[in-house]
Amino acid sequence: MIQHFIEGLVKYDFLQNALITSVIVGVVSGVIGSFIILRGMSLMGDAISHAVLPGVAVSYMLGGSYMIGASIFGIMAAGLIGFVTQKSKLKNDTAIGIVFSSFFALGIILISFAESSTDLYHILFGNVLAVKPSDMYTTLAVAVAVILFVVLFYKELLVSSFDPVMAQAYGLKVQVIHYALMFFLTLVAVSSLQTVGTILVVAMLVTPAATAYLLTDKLSTMIVLASSLGAISAVIGLFFSYSYNLASGATIVLTTVVFFIMAFIFSPKQGFIFKRKEEVVIEEV
């Protein structure tokens, strides 16, 4: 079975493109997802991944690039969530729920006006085996931009993620950092559409990072672990998808979930077994 997969990689360009793109998505999702987890912004990732749907539909109907349309609507959603939160007494999660459900509903209506719902179906659920070289290069460009952003502003991201009040006291522009992070989160969500789809992209953003969070207390280690887990999950998921003719995006996501379950149970410090042993020791004392 592994030999069959390797032969497919050597023989078929589409499988090579799929593997490279999936690994890139896994890596960059781990990088940006680490900060999403630390900031308690998992819902924001969910909101943006759903909010890009109207942009995809509009771009399709106008014959333009879905990357541009999806990015515009994703950034609009992030800005609108921040505006509603700042200008009302509503909490952030409430604003997220209102905005993302509205954008998603609008996207569904716009899809109904598009004649080819089949292509847009792949945007919802992903089809990594249909990735074009242009999509692969776009994903790579986004990954490079995100990694450069994190490397150049690592200290600012670190401080503002753990203690926004202290970061502001030091003179850091916390809001600027926040919206910059939202911008790159949008780019990652959009570039991942072809691979795992808008519905599953939040799982790629959250699950590898959450798994790494259970395994380490150091941010730099967490980023490396999350990226590695994302890449490994992409390879394993694509292998099973190709070998058993399964939905690629869903298979990759389920692989990340398996890693999370293992960390949740067996993590040396945060795992269920470790915590259970601690409870037993305390009870005995």
# chains A, B, ... in the order shown; residues from 1 in each chain; ligands from 1
$ residues_around --residues "Ala226 in chain A" --least-positions-apart "5" --cutoff "6 Å" --atoms "only C-alpha atoms" --output "mmCIF file with N, CA, C and O atoms, in the first residue's frame"
data_model
loop_
_atom_site.group_PDB
_atom_site.id
_atom_site.type_symbol
_atom_site.label_atom_id
_atom_site.label_comp_id
_atom_site.auth_asym_id
_atom_site.auth_seq_id
_atom_site.Cartn_x
_atom_site.Cartn_y
_atom_site.Cartn_z
ATOM 1 N N GLY A 30 0.027 25.381 11.588
ATOM 2 C CA GLY A 30 0.617 25.200 12.913
ATOM 3 C C GLY A 30 1.225 26.480 13.444
ATOM 4 O O GLY A 30 1.107 26.793 14.638
ATOM 5 N N PRO A 208 -3.649 20.952 15.460
ATOM 6 C CA PRO A 208 -2.209 20.733 15.670
ATOM 7 C C PRO A 208 -1.635 21.640 16.759
ATOM 8 O O PRO A 208 -0.803 21.205 17.563
ATOM 9 N N ALA A 209 -2.083 22.905 16.779
ATOM 10 C CA ALA A 209 -1.600 23.840 17.800
ATOM 11 C C ALA A 209 -2.073 23.433 19.199
ATOM 12 O O ALA A 209 -1.325 23.532 20.171
ATOM 13 N N ALA A 212 0.084 20.558 20.331
ATOM 14 C CA ALA A 212 1.399 21.042 20.757
ATOM 15 C C ALA A 212 1.314 21.747 22.105
ATOM 16 O O ALA A 212 2.230 21.651 22.924
#
$ select_by_dssp --residues "range 80-245 of chain A" --states "alpha helix (DSSP H)" --output "PyMOL selection string"
chain A and resi 80-87+92-113+117-125+133-152+154-162+164-169+174-191+193-215+219-244
$ atom_distance --atom1 "CA of Phe73 in chain A" --atom2 "CA of Met182 in chain A"
12.3 Å
$ residues_around --residues "range 11-28 of chain A" --least-positions-apart "4" --cutoff "8 Å" --atoms "only C-alpha atoms" --output "tab-separated table (two decimals) with N, CA and C atoms, in the first residue's frame"
chain	number	residue	atom	x	y	z
A	7	GLU	N	4.61	5.02	-5.72
A	7	GLU	CA	4.55	4.92	-7.19
A	7	GLU	C	3.65	6.01	-7.77
A	32	ILE	N	0.52	29.82	12.59
A	32	ILE	CA	-0.48	30.84	12.92
A	32	ILE	C	-1.45	30.32	13.99
A	128	VAL	N	-7.87	18.43	-2.35
A	128	VAL	CA	-6.44	18.65	-2.51
A	128	VAL	C	-5.88	17.96	-3.75
A	129	LEU	N	-6.53	16.89	-4.19
A	129	LEU	CA	-6.06	16.18	-5.37
A	129	LEU	C	-6.30	16.97	-6.66
A	130	ALA	N	-7.07	18.07	-6.55
A	130	ALA	CA	-7.32	18.91	-7.72
A	130	ALA	C	-6.52	20.22	-7.66
A	131	VAL	N	-5.56	20.28	-6.77
A	131	VAL	CA	-4.76	21.49	-6.61
A	131	VAL	C	-3.93	21.74	-7.87
A	132	LYS	N	-3.98	22.97	-8.36
A	132	LYS	CA	-3.20	23.37	-9.52
A	132	LYS	C	-1.84	23.90	-9.08
A	133	PRO	N	-0.85	23.90	-9.98
A	133	PRO	CA	0.46	24.48	-9.63
A	133	PRO	C	0.34	25.92	-9.15
A	136	MET	N	-0.64	25.93	-5.59
A	136	MET	CA	0.50	25.51	-4.77
A	136	MET	C	1.46	26.68	-4.53
A	139	THR	N	-0.09	29.20	-2.14
A	139	THR	CA	-0.01	28.71	-0.76
A	139	THR	C	1.40	28.86	-0.21
A	140	LEU	N	2.39	28.57	-1.04
A	140	LEU	CA	3.79	28.72	-0.63
A	140	LEU	C	4.11	30.18	-0.32
A	143	ALA	N	2.64	31.09	2.98
A	143	ALA	CA	3.41	30.47	4.06
A	143	ALA	C	4.69	31.25	4.35
A	146	VAL	N	3.78	34.51	6.13
A	146	VAL	CA	3.40	34.28	7.53
A	146	VAL	C	4.62	33.99	8.40
A	147	ILE	N	5.50	33.14	7.91
A	147	ILE	CA	6.69	32.78	8.68
A	147	ILE	C	7.60	33.99	8.86
A	188	VAL	N	-4.09	32.62	5.48
A	188	VAL	CA	-3.91	31.18	5.69
A	188	VAL	C	-5.23	30.45	5.45
A	191	SER	N	-5.89	30.40	1.66
A	191	SER	CA	-4.97	29.52	0.93
A	191	SER	C	-5.23	28.05	1.23
A	192	SER	N	-5.94	27.77	2.33
A	192	SER	CA	-6.23	26.39	2.72
A	192	SER	C	-7.55	25.88	2.16
A	195	THR	N	-7.40	22.89	-0.14
A	195	THR	CA	-6.86	21.69	0.50
A	195	THR	C	-7.88	21.01	1.41
A	204	MET	N	-7.63	22.57	11.02
A	204	MET	CA	-6.20	22.63	10.74
A	204	MET	C	-5.53	23.76	11.50
A	226	ALA	N	3.67	22.21	16.50
A	226	ALA	CA	2.40	22.35	15.78
A	226	ALA	C	2.62	22.26	14.27
A	227	SER	N	3.68	22.90	13.79
A	227	SER	CA	3.99	22.85	12.36
A	227	SER	C	4.34	21.43	11.92
A	228	SER	N	5.12	20.75	12.74
A	228	SER	CA	5.52	19.38	12.42
A	228	SER	C	4.31	18.45	12.40
A	229	LEU	N	3.46	18.59	13.41
A	229	LEU	CA	2.25	17.76	13.47
A	229	LEU	C	1.33	18.04	12.29
A	230	GLY	N	1.22	19.31	11.90
A	230	GLY	CA	0.40	19.65	10.75
A	230	GLY	C	0.93	19.02	9.47
A	231	ALA	N	2.25	19.08	9.30
A	231	ALA	CA	2.87	18.50	8.09
A	231	ALA	C	2.73	16.99	8.07
A	232	ILE	N	3.01	16.35	9.21
A	232	ILE	CA	2.90	14.89	9.30
A	232	ILE	C	1.46	14.43	9.06
A	233	SER	N	0.52	15.16	9.63
A	233	SER	CA	-0.90	14.83	9.45
A	233	SER	C	-1.29	14.95	7.98
A	234	ALA	N	-0.73	15.95	7.30
A	234	ALA	CA	-1.02	16.13	5.88
A	234	ALA	C	-0.54	14.94	5.06
A	235	VAL	N	0.67	14.47	5.36
A	235	VAL	CA	1.23	13.34	4.63
A	235	VAL	C	0.42	12.06	4.90
A	238	LEU	N	-3.17	12.36	3.43
A	238	LEU	CA	-3.19	12.22	1.98
A	238	LEU	C	-2.93	10.78	1.56
$ residues_around --residues "Gly97 in chain A" --least-positions-apart "3" --cutoff "12 Å" --atoms "only C-alpha atoms" --output "PDB file with C-alpha atoms, in the first residue's frame"
ATOM      1  CA  LEU A  43     -13.711  31.186  17.244  1.00  0.00           C
ATOM      2  CA  MET A  44     -12.122  33.948  15.178  1.00  0.00           C
ATOM      3  CA  GLY A  45     -10.485  31.332  12.972  1.00  0.00           C
ATOM      4  CA  ASP A  46     -13.863  29.661  12.578  1.00  0.00           C
ATOM      5  CA  ALA A  47     -15.502  32.987  11.753  1.00  0.00           C
ATOM      6  CA  ILE A  48     -12.994  34.000   9.085  1.00  0.00           C
ATOM      7  CA  HIS A  50     -16.744  30.754   7.050  1.00  0.00           C
ATOM      8  CA  ALA A  51     -16.863  34.458   6.221  1.00  0.00           C
ATOM      9  CA  ALA A  77     -15.319  40.079   8.667  1.00  0.00           C
ATOM     10  CA  ALA A  78     -12.351  40.529  11.025  1.00  0.00           C
ATOM     11  CA  LEU A  80     -16.486  44.146  11.433  1.00  0.00           C
ATOM     12  CA  ILE A  81     -16.134  41.838  14.446  1.00  0.00           C
ATOM     13  CA  VAL A  84     -19.024  45.631  16.770  1.00  0.00           C
ATOM     14  CA  THR A  85     -17.079  44.593  19.883  1.00  0.00           C
ATOM     15  CA  LEU A  90     -21.506  42.847  23.225  1.00  0.00           C
ATOM     16  CA  LYS A  91     -18.676  40.428  23.996  1.00  0.00           C
ATOM     17  CA  ASN A  92     -16.274  39.211  21.325  1.00  0.00           C
ATOM     18  CA  ASP A  93     -17.804  35.733  20.993  1.00  0.00           C
ATOM     19  CA  THR A  94     -21.267  37.217  20.421  1.00  0.00           C
ATOM     20  CA  PHE A 100     -19.691  34.759  10.716  1.00  0.00           C
ATOM     21  CA  SER A 101     -23.221  33.339  10.524  1.00  0.00           C
ATOM     22  CA  SER A 102     -24.343  36.357   8.487  1.00  0.00           C
ATOM     23  CA  PHE A 103     -21.446  36.082   6.052  1.00  0.00           C
ATOM     24  CA  PHE A 104     -21.856  32.326   5.754  1.00  0.00           C
ATOM     25  CA  ALA A 105     -25.582  32.658   5.084  1.00  0.00           C
TER      26      ALA A 105
END
$ atom_distance --atom1 "CA of Thr256 in chain A" --atom2 "CA of Tyr154 in chain A"
25.4 Å
$ closest_residue --among "A:Ile261, A:Ile236, A:Phe272, A:Leu225" --to "Gly33 in chain A" --atoms "only C-alpha atoms"
A:Leu225
$ atom_distance --atom1 "CA of Val253 in chain A" --atom2 "CA of Ser71 in chain A"
22.7 Å
$ closest_residue --among "A:Ile2, A:Leu214, A:Val142, A:Ile96" --to "Ser42 in chain A" --atoms "only C-alpha atoms"
A:Ile96
$ closest_residue --among "A:Ala57, A:Ala95, A:Leu148, A:Leu172" --to "Ser112 in chain A" --atoms "only C-alpha atoms"
A:Ala57
